[in-house]
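**Q** Below: one structure in structure tokens.
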Amino acid sequence: MANDGYAGAVSPGGPSDVRELPRLTIRKCSVSSFDNNAYLLTCRSTGAQLLVDAAADPDRLRALLEEGTERLDVIVTTHQHQDHVGALREMARTTGARTAAGAEDADALPVDVDDRLFHGDTVTFGDVTLDVVALRGHTPGSVALAYRDPSDPEGFTHLFTGDSLFPGGVGNTKNPGQSFDSLYRDVTERVFDVYGDDTWVYPGHGNDTTLGVERPHLDEWRARGW
């Protein structure tokens, strides 16, 4: 794990944890009784900001914006489940931010989605660009966002995974319409086969992890089917 003072452990109603990168500031907070993580990404050169999952508690999310530059340029929703979109309508309405989500989940969201995302797309705000990684299975249109600071050759990738990858396994696939086989395949081929062990994983709930911590357990996940 990185030794920069950021731990990624937050609790509902508690303070944000903050990570400073050369071109990007990452703030993590938790909202709601479901311990949903919301991430505010701030472009350090322009002040532009992107919110990953307007999950709940718009007052706390507005306070999160104020911890940065107050503005909000883009809201990316990692997937359609209700616990990840509870404050989406209000945050979009009050900030005027553009909305983005995986194409297959977009019609299920409580707002008209401005940008429908596909695997291999990018999302740009200010001088920061994120890569879109589609991870199908928890929902049809689940997406992750990957960032590596181009000015920091020694830095590692930062991967915001929603509910598709957690410490200890992939996301839930027990309900109708979900698919463990699809999610496991995408997580293996599009995440573990692409990014290094130092990649930091920022999930939709709970604590963070790295790919290096999780990689030795891939066969175990495959065998147990979750």
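Residues are referred to by chain and number: the chain letter is A, B, ... according to the order shown in the structure tokens, the number counts from 1 in that chain, and ligands are numbered separately from 1 in the order shown.
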Using only C-alpha atoms, determine which residues lie at most 10 Å from segment 210-220 of chain A, disregarding the query and same-chain residues fewer than 6 positions distant; provide the list as a list in words.
**A**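 Near segment 210-220 of chain A, the qualifying residues are Met1, Ala2, Thr157, His158, Leu159, Leu165, Phe166, Pro167, Gly168, Gly169, Val170, Tyr184, Val187, Thr188, Val191, Phe192, Tyr195, Gly196, Asp197, Asp198, Thr199, Trp200, Val201, Tyr202 and Trp226 of chain A.
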**Q** Quick one: residues within 12 Å of Gly137 of chain A, only C-alpha atoms, excluding same-chain residues fewer than 3 positions away - as number ranges by chain?
**A** A: 79, 104-105, 134, 140-143, 163-165, 170-187, 226
**Q** Mind checking which residues fall within 10 Å of Pro58 of chain A, counting only C-alpha atoms, ignoring those fewer than 2 positions away in the same chain, and posting them as JSON, numbers by chain?
**A** {"A": [31, 54, 55, 56, 60, 61, 62, 63, 64, 86, 87, 88, 89, 90, 91, 94]}
**Q** Using DSSP assignments from the backbone, pull out every residue in segment 80-223 of chain A that falls under alpha helix (DSSP H) and give it to me as number ranges by chain.
**A** A: 88-95, 180-187, 211-214, 218-223
**Q** So, counting only C-alpha atoms, which residue among A:Val132, A:Asp73, A:Ser151, A:Leu50 is closest to Gly96 of chain A?
**A**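 Of A:Val132, A:Asp73, A:Ser151, A:Leu50, the one nearest Gly96 of chain A, counting only C-alpha atoms, is A:Asp73.
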**Q** For the structure I just gave you, how does DSSP split chain A - specifically, which residues are strand (DSSP E or B)? Reply as a ChimeraX atom specification.
**A** /A:12,17-20,24-31,36-43,49-52,74-77,98-102,115-117,122-125,128-134,143-147,158-162,165-166,169-170,200-203,205,209-210
**Q** Within 6 Å of Gly162 of chain A, counting only C-alpha atoms, which residues show up once you throw out same-chain ones fewer than 3 positions away? Write them as a PyMOL selection string, please.
**A** chain A and resi 78+203-204
